[in-house]
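Here's the structure, in structure tokens; my notes come after.
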Amino acid sequence: NAGVTQTPKFQVLKTGQSMTLQCAQDMNHNSMYWYRQDPGMGLRLIYYSASEGTTDKGEVPNGYNVSRLNKREFSLRLESAAPSQTSVYFCASRAPGQGLNNEQFFGPGTRLTVL
Amino acid sequence: GQQVMQIPQYQHVQEGEDFTTYCNSSTTLSNIQWYKQRPGGHPVFLIQLVKSGEVKKQKRLTFQFGEAKKNSSLHITATQTTDVGTYFCAEGSSNTGKLIFGQGTTLQVKP
């Protein structure tokens with residue numbers, strides 16, 4: 001049981017290049033999330049998928065697209081990378097059900113630098 | 001939009017001293033979650049508080065949710081070097097599970 005996995009761990013891009021960040025979970029969770037973390041700003045939600053087949057924008061969606069490929073996988077795509085997208089990206093998932101237990105499980109993160 | 005403010009941003013303590021971080025909102029929070037992130041690591045869930053005035057303890061950690069559900073605190077008694085990291089509070093949405101994070105408090109412990 002690997003939990004939440006992310007690839008790659010590190011990436012350097014040039015401005016204008018595109019790439020896809022991969023995320024997968026093996027906990028049979030319905031909901032998945034993408035966050036970015038910048039110094040002094042906590043984690044900010046980019047996109048989320050409450051269940052397979054649905055995606056919704058979070059706080060900072062501009063410049064990103066997502067795909068919920070199946071229940072396990074949720075990818076984040078940067079079509080034309082910009083230096084402002086230099087950040088650490090975390091994927092997370094949440095167990096089924098609502099209400100009392102909203103605990104999210106985070107992946108190890110992808111450290112992205114855009115030059 | 002909803003904002004969760006967390007203070008202080010940094011705290012340096014001597015090992016054995018106590019530590020507290022505070023989380024505040026201008027509106028009523030449906031629930032509050034706390035996460036810990038070790039340097040170079042990822043956030044790890046610590047606890048969730050739901051009820052007004054709730055107090056929960058985990059060994060040396062005490063979590064409180066305010067009576068008005070607009071603030072929360074995490075208190076660590078007698079810090080150890082293993083407590084080093086950044087502590088985040090976050091409001092969770094009960095239907096979508098979305099989290100709105102505070103900015104975090106980074107704790108350094110001097111041995």
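FYI, nothing fancy with the structure tokens labels: chains A, B, ... in order, residues from 1 per chain, ligands from 1 as they appear.
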Neighbour list for Pro61 of chain A as an NGL selection string, cut-off 12 Å, only C-alpha atoms, skip fewer than 3 positions in-chain: :A and (33-36 or 44-48 or 55-58 or 64-66 or 76-78 or 85)
Long-range neighbours of segment 11-15 of chain B as number ranges by chain, 12 Å cut-off, only C-alpha atoms, 3 positions minimum in chain: B: 7-8, 18-22, 76-87, 104-111
Separation of atom CA of Val50 of chain B from atom CA of Gln6 of chain B in Å: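 These atoms are spaced 18.2 Å apart.
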Test item: chain A residues at most 8 Å from chain B, counting only C-alpha atoms, as a list in words: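 My answer is Ser31, Tyr33, Gly40, Met41, Gly42, Leu43, Arg44, Leu45, Tyr48, Ala50, Phe90, Arg94, Gln98, Gly99, Leu100, Asn101, Asn102, Glu103, Gln104, Phe105, Phe106, Gly107, Pro108 and Gly109 of chain A.
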Residue set, segment 49-91 of chain B restricted to strand (DSSP E or B), as a ChimeraX atom specification: /B:49,55-58,61-65,71-76,85-91
Near-segment 22-27 of chain A list (10 Å; only C-alpha atoms; drop same-chain fewer than 2 positions) as a ChimeraX atom specification: /A:1-8,19-20,29-30,32-34,67-77,90-96,105-107,109-110
Output C-alpha atoms of each residue in that selection to a file, as an mmCIF file, in the first residue's frame.
data_model
loop_
_atom_site.group_PDB
_atom_site.id
_atom_site.type_symbol
_atom_site.label_atom_id
_atom_site.label_comp_id
_atom_site.auth_asym_id
_atom_site.auth_seq_id
_atom_site.Cartn_x
_atom_site.Cartn_y
_atom_site.Cartn_z
ATOM 1 C CA ASN A 1 0.000 0.000 0.000
ATOM 2 C CA ALA A 2 2.002 2.985 -1.310
ATOM 3 C CA GLY A 3 -0.588 5.670 -0.428
ATOM 4 C CA VAL A 4 -0.279 8.696 -2.715
ATOM 5 C CA THR A 5 2.547 8.705 -5.245
ATOM 6 C CA GLN A 6 3.715 11.556 -7.456
ATOM 7 C CA THR A 7 6.056 11.751 -10.423
ATOM 8 C CA PRO A 8 8.431 13.299 -11.113
ATOM 9 C CA MET A 19 4.543 19.132 -18.770
ATOM 10 C CA THR A 20 2.196 16.877 -16.856
ATOM 11 C CA HIS A 29 -10.377 7.289 -2.336
ATOM 12 C CA ASN A 30 -13.052 9.206 -4.200
ATOM 13 C CA MET A 32 -8.323 14.008 -5.104
ATOM 14 C CA TYR A 33 -6.690 17.431 -4.944
ATOM 15 C CA TRP A 34 -3.786 19.429 -6.341
ATOM 16 C CA SER A 67 -7.570 15.160 -15.850
ATOM 17 C CA ARG A 68 -9.170 12.581 -13.592
ATOM 18 C CA LEU A 69 -8.129 9.618 -15.684
ATOM 19 C CA ASN A 70 -9.790 7.029 -13.446
ATOM 20 C CA LYS A 71 -10.437 6.606 -9.738
ATOM 21 C CA ARG A 72 -6.734 6.143 -8.999
ATOM 22 C CA GLU A 73 -5.121 8.849 -11.107
ATOM 23 C CA PHE A 74 -5.363 12.638 -11.199
ATOM 24 C CA SER A 75 -2.912 14.551 -13.383
ATOM 25 C CA LEU A 76 -2.015 18.246 -13.499
ATOM 26 C CA ARG A 77 -0.880 19.837 -16.751
ATOM 27 C CA PHE A 90 1.339 18.336 -3.759
ATOM 28 C CA CYS A 91 -1.345 15.878 -4.682
ATOM 29 C CA ALA A 92 -3.710 14.634 -1.981
ATOM 30 C CA SER A 93 -6.628 12.258 -1.646
ATOM 31 C CA ARG A 94 -9.496 11.862 0.809
ATOM 32 C CA ALA A 95 -11.407 8.819 1.946
ATOM 33 C CA PRO A 96 -15.038 8.297 0.913
ATOM 34 C CA PHE A 105 -3.364 12.100 2.577
ATOM 35 C CA PHE A 106 -0.589 13.903 0.750
ATOM 36 C CA GLY A 107 1.957 12.668 -1.753
ATOM 37 C CA GLY A 109 5.478 16.456 -3.789
ATOM 38 C CA THR A 110 7.014 17.598 -7.068
#
Counting only C-alpha atoms, the option among B:Gly16, B:Val55, B:Leu29, B:Gln37 closest to Ala68 of chain B: B:Leu29
All residues 7 Å or closer to Ser25 of chain B, only C-alpha atoms, same chain fewer than 5 positions away omitted, as a PyMOL selection string: chain B and resi 3-5+70-71
Kindly export the residues of the current selection with C-alpha atoms, as a compact mmCIF listing (two decimals), in the first residue's frame.
# COMPACT_ATOMS: atom_id res chain seq x y z
CA GLN B 3 -9.28 33.25 4.80
CA VAL B 4 -7.64 31.53 7.69
CA MET B 5 -4.91 33.60 9.36
CA LYS B 70 -13.61 31.33 14.77
CA ASN B 71 -10.24 30.41 16.20
